[in-house]
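A short worksheet on the structure shown next.
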Amino acid sequence: MPLDVEVLIVSYNSATVMDSCLRSIAELLPGARVSVREHGDDLGALDRLSLAASRHDPPIHVDHDPTNPGFGAGCNALAKNSKAEWLLFLNPDAELVTWPWSTSGSTSGNTPASEPPRAIIGPMMTESGPPGDHYGTTYGIVDEVRRSWLRSRGRRPNGQGFVSGAALLIPAEVFRSIGGFDERYFMFYEDIDLCLRANAAGTRTVVVDDWRVHHQRGHSTKPLFGASLNWSYESACLFHAEHGSSVTIYRAYVVIDSVLRMALHLLRRNRSGRTGYANLARRSANDIISSKVRRPRS
């Protein structure tokens, strides 16, 4: 039976990279519905996105929320209006390379695989860094240190674990049953949180080798380096608090990590990097002090 899937894309001034993404969908998922939500705060961003969408068939639904409520909130809004049985969340700078399942309207001569497992599914990322950058089984503070400084990569999830929200396929009923993405995360960590909550509710997380995606990575965040550091920090504090790690220990790690990275950027004469990490070190140190001041006496 053809897979009933809708592709949901949250964009932030991403029209320039959207063509490759949409072309890959038209080629590998012909007939699939596609909905895009633009979070850029000017009408020019919407016009550019609408123009890119108009060059593709079938028609692509385009929505606009200039308030930019965050990635998870945008995904939830798109999912709320979808009638599909499967939801494919895809970043605008991601491109489908292979797709192993048949979809409505597919005319591919390749023999499709059977229906995907009723699980959260991630692809094998190609030319997008080591595969372990895009998945894992745990994500505590120790994992943060290992990934950042020891170049340790995540283990492939085998039922338990997470995959990247850059390309994530999930049954719509599962997505809704766990409340979708937690909208308290503006950006970063919301995909890990979603997968771990789904695991706790009985839904597995898997990676399918025959599904391959190329992800450029960082299209929306590189121009906003300082802001991205703060978004990641805020989301990480929330994530670790929700999933059982000490936020104070995490903040202490961020202070040390930021000072070291600030020194590296100083040696490289990278002013934006030096400034960004200096501000983050200051903020995380102040948060540690403030939390101790507010802590009631026993």
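Residue numbering restarts at 1 in every chain; chains get A, B, ... in the order shown in the structure tokens, and ligands count up from 1 in that same order.
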Quick one: residues within 8 Å of Ala252 (chain A), only C-alpha atoms, excluding same-chain residues fewer than 3 positions away - as a list in words?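 Once the adjacent positions are removed, what remains is Thr248, Ile249, Val255, Ile256, Ser284, Ala285 and Ile288 of chain A.
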Pick out the residues sitting within 7 Å of region 180-183 of chain A, and hand them over as a PyMOL selection string; count only C-alpha atoms, and ignore anything fewer than 2 positions along from it in its own chain. chain A and resi 72-73+76+175-176+178+185-186+190+194
Using only C-alpha atoms: which of A:Arg217, A:Arg48, A:Arg156, A:Arg283 has the shortest distance to Pro92 (chain A):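 Closest residue, counting only C-alpha atoms: A:Arg217.
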Could you state the separation of CA of Cys75 (chain A) and CA of Val34 (chain A) in Å, given to one decimal place?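 Computing the Euclidean distance for CA of Cys75 (chain A) and CA of Val34 (chain A) yields 12.6 Å.
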Just the residues within 10 Å of Gly122 (chain A), please, counting only C-alpha atoms, with nothing from its chain fewer than 4 positions along; format it as a ChimeraX atom specification. /A:88,134-135,157,162-170,205-209,211-213
For a quick check of understanding, using only C-alpha atoms, which of A:Pro30, A:Arg118, A:Phe71, A:Ile25 has the smallest distance to Gly202 (chain A)? A:Arg118
